[in-house]
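Asker: Take a look at model_25.csv, CSV, C-alpha atoms:
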```
chain,number,residue,atom,x,y,z
A,13,MET,CA,-97.8,-67.9,-88.1
A,14,GLU,CA,-97.7,-64.8,-86.1
A,15,GLY,CA,-94.6,-62.6,-86.3
A,16,LEU,CA,-91.0,-63.6,-85.9
A,17,ASN,CA,-89.5,-62.4,-82.6
A,18,VAL,CA,-86.1,-61.5,-84.0
A,19,PRO,CA,-84.8,-57.9,-83.7
A,20,LEU,CA,-85.0,-55.9,-86.9
A,21,ASN,CA,-81.3,-55.2,-86.3
A,22,HIS,CA,-80.2,-58.7,-87.1
A,23,ILE,CA,-81.9,-58.9,-90.5
A,24,LEU,CA,-80.5,-55.4,-91.4
A,25,LEU,CA,-77.1,-56.8,-90.3
A,26,ILE,CA,-77.4,-59.8,-92.6
A,27,SER,CA,-78.6,-57.5,-95.4
A,28,SER,CA,-75.7,-55.0,-95.0
A,29,LEU,CA,-73.1,-57.9,-94.8
A,30,LEU,CA,-74.5,-59.3,-98.0
A,31,PHE,CA,-74.2,-55.8,-99.6
A,32,ILE,CA,-70.6,-55.4,-98.4
A,33,ILE,CA,-69.7,-58.9,-99.8
A,34,GLY,CA,-71.3,-58.0,-103.1
A,35,MET,CA,-69.5,-54.6,-103.2
A,36,LEU,CA,-66.2,-56.3,-102.4
A,37,GLY,CA,-66.7,-58.8,-105.1
A,38,LEU,CA,-67.5,-55.9,-107.5
A,39,MET,CA,-64.2,-54.2,-106.6
A,40,ILE,CA,-62.0,-57.3,-106.5
A,41,ARG,CA,-63.0,-59.4,-109.4
A,42,ARG,CA,-62.0,-58.5,-112.9
A,43,ASN,CA,-64.1,-61.1,-114.7
A,44,ILE,CA,-67.3,-59.5,-116.1
A,45,ILE,CA,-69.4,-62.5,-115.2
A,46,PHE,CA,-68.4,-62.2,-111.5
A,47,ILE,CA,-69.0,-58.5,-111.6
A,48,LEU,CA,-72.6,-59.1,-112.8
A,49,MET,CA,-73.0,-61.7,-110.1
A,50,SER,CA,-71.8,-59.2,-107.5
A,51,LEU,CA,-74.4,-56.7,-108.8
A,52,GLU,CA,-77.0,-59.4,-108.3
A,53,VAL,CA,-75.9,-60.0,-104.7
A,54,MET,CA,-76.1,-56.3,-104.0
A,55,LEU,CA,-79.6,-55.9,-105.5
A,56,ASN,CA,-80.7,-58.9,-103.6
A,57,SER,CA,-79.4,-57.6,-100.3
A,58,ALA,CA,-81.2,-54.2,-100.9
A,59,ALA,CA,-84.4,-56.2,-101.6
A,60,LEU,CA,-83.9,-58.1,-98.3
A,61,ALA,CA,-83.8,-54.8,-96.4
A,62,PHE,CA,-86.9,-53.6,-98.2
A,63,VAL,CA,-88.9,-56.7,-97.4
A,64,ALA,CA,-87.7,-56.7,-93.8
A,65,ALA,CA,-88.8,-53.1,-93.4
A,66,GLY,CA,-92.1,-53.9,-94.9
A,67,ALA,CA,-92.6,-56.9,-92.6
A,68,HIS,CA,-91.6,-54.7,-89.6
A,69,TRP,CA,-94.5,-52.4,-90.2
A,70,GLY,CA,-96.8,-55.1,-91.5
A,71,GLN,CA,-97.2,-53.4,-94.8
A,72,PRO,CA,-97.0,-54.9,-98.4
A,73,ASP,CA,-95.0,-51.9,-99.8
A,74,GLY,CA,-91.7,-53.6,-99.1
A,75,GLN,CA,-92.7,-56.6,-101.1
A,76,ILE,CA,-93.9,-54.4,-104.0
A,77,ILE,CA,-90.5,-52.7,-104.1
A,78,PHE,CA,-89.0,-56.2,-104.1
A,79,MET,CA,-90.8,-57.0,-107.3
A,80,LEU,CA,-89.6,-53.7,-108.9
A,81,ILE,CA,-86.0,-54.6,-107.9
A,82,LEU,CA,-86.6,-58.1,-109.4
A,83,SER,CA,-87.6,-56.6,-112.7
A,84,ILE,CA,-84.6,-54.2,-112.6
A,85,ALA,CA,-82.3,-57.2,-111.9
A,86,ALA,CA,-83.8,-59.2,-114.8
A,87,ALA,CA,-83.4,-56.4,-117.3
A,88,GLU,CA,-79.9,-55.5,-116.1
A,89,VAL,CA,-78.8,-59.2,-116.3
A,90,ALA,CA,-80.3,-59.6,-119.8
A,91,VAL,CA,-78.5,-56.6,-121.2
A,92,GLY,CA,-75.3,-57.2,-119.2
A,93,LEU,CA,-74.9,-60.8,-120.4
A,94,SER,CA,-75.5,-59.9,-124.0
A,95,LEU,CA,-72.8,-57.3,-123.5
A,96,VAL,CA,-70.6,-60.1,-122.1
A,97,LEU,CA,-71.1,-62.1,-125.2
A,98,GLN,CA,-70.1,-59.1,-127.3
A,99,VAL,CA,-67.0,-58.4,-125.3
A,100,GLN,CA,-65.9,-62.0,-125.5
A,101,ARG,CA,-66.5,-61.9,-129.2
A,102,ARG,CA,-64.6,-58.7,-129.9
A,103,PHE,CA,-61.8,-58.8,-127.4
A,104,LYS,CA,-61.4,-62.6,-126.7
A,105,THR,CA,-61.2,-61.9,-123.0
A,106,LEU,CA,-63.5,-61.3,-120.0
A,107,ASP,CA,-61.0,-59.0,-118.3
A,108,MET,CA,-62.7,-55.7,-117.5
A,109,ASP,CA,-59.4,-53.9,-117.5
A,110,LYS,CA,-58.8,-54.8,-121.1
A,111,VAL,CA,-62.1,-53.3,-122.1
A,112,ASP,CA,-61.7,-49.9,-120.7
A,113,TRP,CA,-61.9,-48.0,-124.0
A,114,MET,CA,-65.0,-47.7,-126.2
A,115,ARG,CA,-65.1,-48.2,-129.9
A,116,GLY,CA,-68.4,-48.6,-131.8
B,14,MET,CA,-88.4,-70.8,-81.0
B,15,LEU,CA,-87.8,-73.1,-84.0
B,16,GLU,CA,-88.5,-70.3,-86.4
B,17,ILE,CA,-85.8,-68.1,-84.7
B,18,THR,CA,-83.2,-70.9,-85.0
B,19,LEU,CA,-84.2,-71.4,-88.6
B,20,PHE,CA,-83.8,-67.7,-89.2
B,21,TYR,CA,-80.3,-67.6,-87.9
B,22,VAL,CA,-79.3,-70.8,-89.7
B,23,ALA,CA,-80.7,-69.4,-93.0
B,24,GLY,CA,-78.8,-66.1,-92.5
B,25,THR,CA,-75.5,-67.9,-91.8
B,26,VAL,CA,-76.0,-70.1,-94.9
B,27,ALA,CA,-76.7,-67.0,-97.0
B,28,LEU,CA,-73.6,-65.2,-95.8
B,29,VAL,CA,-71.2,-68.2,-96.1
B,30,SER,CA,-72.5,-69.2,-99.5
B,31,THR,CA,-72.2,-65.7,-100.8
B,32,ILE,CA,-68.6,-65.4,-99.6
B,33,LEU,CA,-67.8,-68.7,-101.2
B,34,ALA,CA,-69.5,-67.6,-104.4
B,35,MET,CA,-67.4,-64.4,-104.6
B,36,THR,CA,-64.1,-66.2,-104.1
B,37,ARG,CA,-64.6,-69.2,-106.5
B,38,ILE,CA,-62.3,-69.5,-109.5
B,39,ASN,CA,-64.7,-71.4,-111.7
B,40,ALA,CA,-67.8,-69.4,-112.7
B,41,ILE,CA,-70.2,-72.3,-112.6
B,42,HIS,CA,-69.1,-73.2,-109.0
B,43,ALA,CA,-69.7,-69.6,-108.0
B,44,LEU,CA,-73.1,-69.7,-109.6
B,45,ILE,CA,-74.1,-72.8,-107.6
B,46,TYR,CA,-73.1,-71.1,-104.4
B,47,LEU,CA,-75.0,-68.0,-105.5
B,48,ILE,CA,-78.2,-70.1,-106.0
B,49,VAL,CA,-77.8,-71.6,-102.5
B,50,SER,CA,-77.5,-68.0,-101.2
B,51,LEU,CA,-80.7,-67.0,-103.0
B,52,LEU,CA,-82.5,-70.0,-101.6
B,53,ALA,CA,-81.4,-69.1,-98.1
B,54,VAL,CA,-82.6,-65.5,-98.6
B,55,ALA,CA,-85.9,-67.0,-99.8
B,56,MET,CA,-86.1,-68.9,-96.5
B,57,ILE,CA,-85.6,-65.7,-94.6
B,58,PHE,CA,-88.4,-64.1,-96.6
B,59,TYR,CA,-90.7,-66.9,-95.7
B,60,LEU,CA,-89.8,-66.7,-92.0
B,61,ILE,CA,-90.4,-63.0,-91.7
B,62,GLY,CA,-93.9,-63.4,-93.1
B,63,ALA,CA,-93.5,-62.7,-96.9
B,64,PRO,CA,-94.3,-66.1,-98.5
B,65,PHE,CA,-95.2,-64.6,-101.9
B,66,VAL,CA,-91.9,-62.9,-102.2
B,67,ALA,CA,-90.1,-66.1,-101.1
B,68,ALA,CA,-91.8,-67.9,-104.0
B,69,LEU,CA,-90.8,-65.2,-106.4
B,70,GLU,CA,-87.2,-65.2,-105.2
B,71,ILE,CA,-87.0,-68.9,-106.0
B,72,VAL,CA,-88.9,-68.9,-109.2
B,73,ILE,CA,-87.4,-65.7,-110.8
B,74,TYR,CA,-84.0,-65.2,-109.1
B,75,ALA,CA,-82.8,-68.7,-108.6
B,76,GLY,CA,-84.8,-70.1,-111.5
B,77,ALA,CA,-84.8,-67.6,-114.4
B,78,ILE,CA,-81.9,-65.2,-113.8
B,79,MET,CA,-79.4,-67.8,-112.7
B,80,VAL,CA,-80.3,-70.0,-115.7
B,81,LEU,CA,-79.4,-67.0,-117.9
B,82,PHE,CA,-76.0,-66.9,-116.3
B,83,VAL,CA,-75.6,-70.7,-116.8
B,84,PHE,CA,-76.5,-70.3,-120.5
B,85,VAL,CA,-74.0,-67.5,-121.1
B,86,ILE,CA,-71.2,-69.2,-119.2
B,87,MET,CA,-71.7,-72.3,-121.3
B,88,MET,CA,-71.8,-70.2,-124.5
B,89,LEU,CA,-68.5,-68.6,-123.5
B,90,ASN,CA,-66.8,-72.0,-123.2
B,91,LEU,CA,-64.0,-70.8,-120.8
B,92,GLY,CA,-62.3,-74.0,-119.9
B,93,ALA,CA,-59.1,-74.7,-117.9
B,94,LYS,CA,-57.2,-71.8,-119.4
B,95,GLY,CA,-59.8,-69.4,-118.0
B,96,ASN,CA,-59.4,-70.9,-114.5
B,97,ALA,CA,-55.7,-70.5,-114.5
B,98,ARG,CA,-56.0,-66.9,-115.6
B,99,GLU,CA,-58.6,-66.2,-113.0
B,100,LYS,CA,-56.3,-67.5,-110.2
B,101,THR,CA,-53.7,-64.9,-111.1
B,102,TRP,CA,-56.3,-62.2,-110.6
B,103,MET,CA,-57.1,-63.2,-107.1
B,104,SER,CA,-53.8,-62.4,-105.3
B,105,ALA,CA,-53.9,-60.8,-101.9
B,106,SER,CA,-52.5,-57.5,-103.0
B,107,VAL,CA,-55.5,-57.0,-105.2
B,108,TRP,CA,-58.1,-57.5,-102.6
B,109,ILE,CA,-56.7,-56.1,-99.3
B,110,ALA,CA,-57.2,-52.4,-100.0
B,111,PRO,CA,-60.8,-52.7,-101.2
B,112,ALA,CA,-61.5,-55.1,-98.3
B,113,LEU,CA,-60.3,-52.5,-95.8
B,114,LEU,CA,-62.3,-49.7,-97.4
B,115,ALA,CA,-65.4,-51.9,-97.4
B,116,THR,CA,-64.9,-52.8,-93.7
B,117,ILE,CA,-64.9,-49.0,-92.9
B,118,LEU,CA,-68.2,-48.6,-94.7
B,119,PHE,CA,-69.6,-51.7,-92.9
B,120,ALA,CA,-68.6,-50.2,-89.6
B,121,GLU,CA,-70.5,-47.0,-90.4
B,122,LEU,CA,-73.5,-49.1,-91.5
B,123,LEU,CA,-73.3,-51.0,-88.1
B,124,TYR,CA,-73.3,-47.7,-86.3
B,125,ILE,CA,-76.6,-46.7,-88.0
B,126,ILE,CA,-78.2,-50.1,-87.7
B,127,ALA,CA,-77.5,-50.2,-83.9
B,128,SER,CA,-80.1,-47.5,-83.4
B,129,VAL,CA,-82.9,-49.6,-85.0
B,130,GLU,CA,-85.3,-51.2,-82.6
B,131,GLY,CA,-88.3,-53.5,-82.6
B,132,PRO,CA,-89.1,-57.0,-83.9
B,133,VAL,CA,-88.6,-57.9,-87.5
B,134,SER,CA,-92.1,-58.9,-88.3
B,135,THR,CA,-95.6,-58.6,-86.8
B,136,GLY,CA,-97.4,-61.1,-89.0
B,137,VAL,CA,-97.8,-62.5,-92.5
B,138,VAL,CA,-98.4,-60.2,-95.4
B,139,GLY,CA,-99.9,-62.4,-98.0
B,140,ALA,CA,-100.1,-62.4,-101.8
B,141,LYS,CA,-103.6,-60.9,-101.8
B,142,GLN,CA,-102.6,-57.7,-99.9
B,143,VAL,CA,-99.5,-57.4,-102.2
B,144,GLY,CA,-101.6,-57.8,-105.3
B,145,LEU,CA,-104.2,-55.3,-104.2
B,146,ASN,CA,-101.6,-52.7,-103.5
B,147,LEU,CA,-99.6,-53.5,-106.6
B,148,PHE,CA,-102.5,-52.8,-108.9
B,149,GLY,CA,-103.9,-50.0,-106.7
B,150,PRO,CA,-101.5,-47.2,-105.6
B,151,TYR,CA,-98.5,-48.7,-107.3
B,152,VAL,CA,-100.0,-49.3,-110.8
B,153,LEU,CA,-97.8,-46.6,-112.3
B,154,ALA,CA,-94.7,-48.4,-111.0
B,155,VAL,CA,-95.9,-51.6,-112.6
B,156,GLU,CA,-96.2,-49.9,-115.9
B,157,ILE,CA,-92.8,-48.4,-115.6
B,158,ALA,CA,-91.3,-51.8,-114.7
B,159,SER,CA,-93.0,-53.3,-117.8
B,160,MET,CA,-91.4,-50.6,-120.0
B,161,LEU,CA,-88.1,-51.3,-118.4
B,162,LEU,CA,-88.4,-55.0,-119.1
B,163,LEU,CA,-89.4,-54.2,-122.7
B,164,ALA,CA,-86.3,-52.0,-123.0
B,165,GLY,CA,-84.2,-54.9,-121.6
B,166,LEU,CA,-85.7,-57.3,-124.1
B,167,VAL,CA,-85.1,-55.0,-127.0
B,168,GLY,CA,-81.6,-54.2,-125.9
B,169,SER,CA,-80.5,-57.7,-125.3
B,170,PHE,CA,-82.1,-58.9,-128.5
B,171,HIS,CA,-80.2,-56.2,-130.4
B,172,LEU,CA,-76.8,-57.0,-128.8
B,173,GLY,CA,-77.3,-60.8,-129.0
B,174,ARG,CA,-78.4,-60.8,-132.6
B,175,ARG,CA,-75.3,-58.9,-133.7
B,176,TYR,CA,-73.3,-61.5,-131.8
B,177,LEU,CA,-74.7,-64.3,-133.8
B,178,ASP,CA,-74.5,-62.4,-137.2
B,179,ARG,CA,-70.9,-61.4,-136.8
B,180,ALA,CA,-69.5,-64.8,-135.7
B,181,PRO,CA,-67.2,-65.8,-138.6
B,182,ILE,CA,-67.4,-69.5,-139.5
B,183,SER,CA,-63.7,-70.0,-139.0
B,184,ASP,CA,-64.1,-68.9,-135.4
B,185,LEU,CA,-66.9,-71.3,-134.8
B,186,LYS,CA,-64.8,-74.1,-136.1
B,187,GLN,CA,-62.0,-73.1,-133.8
B,188,GLN,CA,-64.4,-73.1,-130.9
B,189,GLN,CA,-65.6,-76.6,-131.8
B,190,GLU,CA,-62.1,-77.9,-132.0
B,191,ARG,CA,-61.1,-76.5,-128.7
B,192,HIS,CA,-64.1,-78.2,-127.2
```
Here is a file; write its structure as structure tokens.
Answerer:
Amino acid sequence: MEGLNVPLNHILLISSLLFIIGMLGLMIRRNIIFILMSLEVMLNSAALAFVAAGAHWGQPDGQIIFMLILSIAAAEVAVGLSLVLQVQRRFKTLDMDKVDWMRG
Amino acid sequence: MLEITLFYVAGTVALVSTILAMTRINAIHALIYLIVSLLAVAMIFYLIGAPFVAALEIVIYAGAIMVLFVFVIMMLNLGAKGNAREKTWMSASVWIAPALLATILFAELLYIIASVEGPVSTGVVGAKQVGLNLFGPYVLAVEIASMLLLAGLVGSFHLGRRYLDRAPISDLKQQQERH
């Protein structure tokens, strides 16, 4: 399979649209689970831009950055979801606005 | 020609399913749309000549990370009450102002993207090339990523263990009755 003859513009457009959707989700939703999902969408869209740029120049660097983003996403989700469990346990809610103060 | 069509179809599927995921009331439904979106992005990766990354996207993102979400949502046991509450959080007054601001940012992004030229990919970059680079010039980044994953493991173990220890028995009974 040799090269895909689509302008690089279009994939960057898809990537930025995904990022904007994720950012909107992050701002709109108050449920912590949805906030974590939005973060996943945003990380994924950034990864898409990296891989597209790597493919544009025919270099593997974009794919390597994708793997680093993948490990960041995995670590973030693991810690974030265990925090969700703690929040649900302590506050009996998933509303982020109710959890805006810290107590050990 | 077929590949170009597939690319646009996959892109549309990714966008639509992400929008649907962000607007669902039920977290599990949102998760399923999110998985569809990730699969569509994997398709895009495959089409632009990154088959290894496409496989990783499906195995790790759609496979492992989303399963983590499913587990936690099932442990939380939200039910119908959660759905009703979630609906009240989704009124138009909540999302119009952020949507406008995000649209402005998107317009700026469009302005920058418009100056980019050239085809998206010139050929396939296979797993071999990625692996050689990963353990060549990027070996320090791999080590740092492994440290990060270890930190994530230790952190989530710490938080999760306290969650289990501190659950009083009466609460567990209540949860079972509600179920």
Asker: Identify every residue of chain B that has at least one atom within 7 Å of any atom of chain A, counting only C-alpha atoms, and report the result as number ranges by chain.
Answerer: B: 17, 24, 28, 32, 35, 60-62, 66, 78, 85, 107-108, 111-112, 115, 119, 126-127, 129-138, 142-143, 147, 158, 162, 165, 168-169, 172-173, 176
Asker: Provide the atom CA of Ala63 of chain B to atom CA of Ala75 of chain B distance in Å, to one decimal place.
Answerer: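 Computing it gives 17.0 Å between the two atoms.
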Asker: Could you state the separation of atom CA of Ser30 of chain B and atom CA of Met56 of chain B in Å, given to one decimal place?
Answerer: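 One can read the atom CA of Ser30 of chain B to atom CA of Met56 of chain B distance as 13.9 Å.
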Asker: Could you please determine the separation between atom CA of Ile41 of chain B and atom CA of Leu91 of chain B in Å, to one decimal place?
Answerer: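 So the answer is 10.4 Å.
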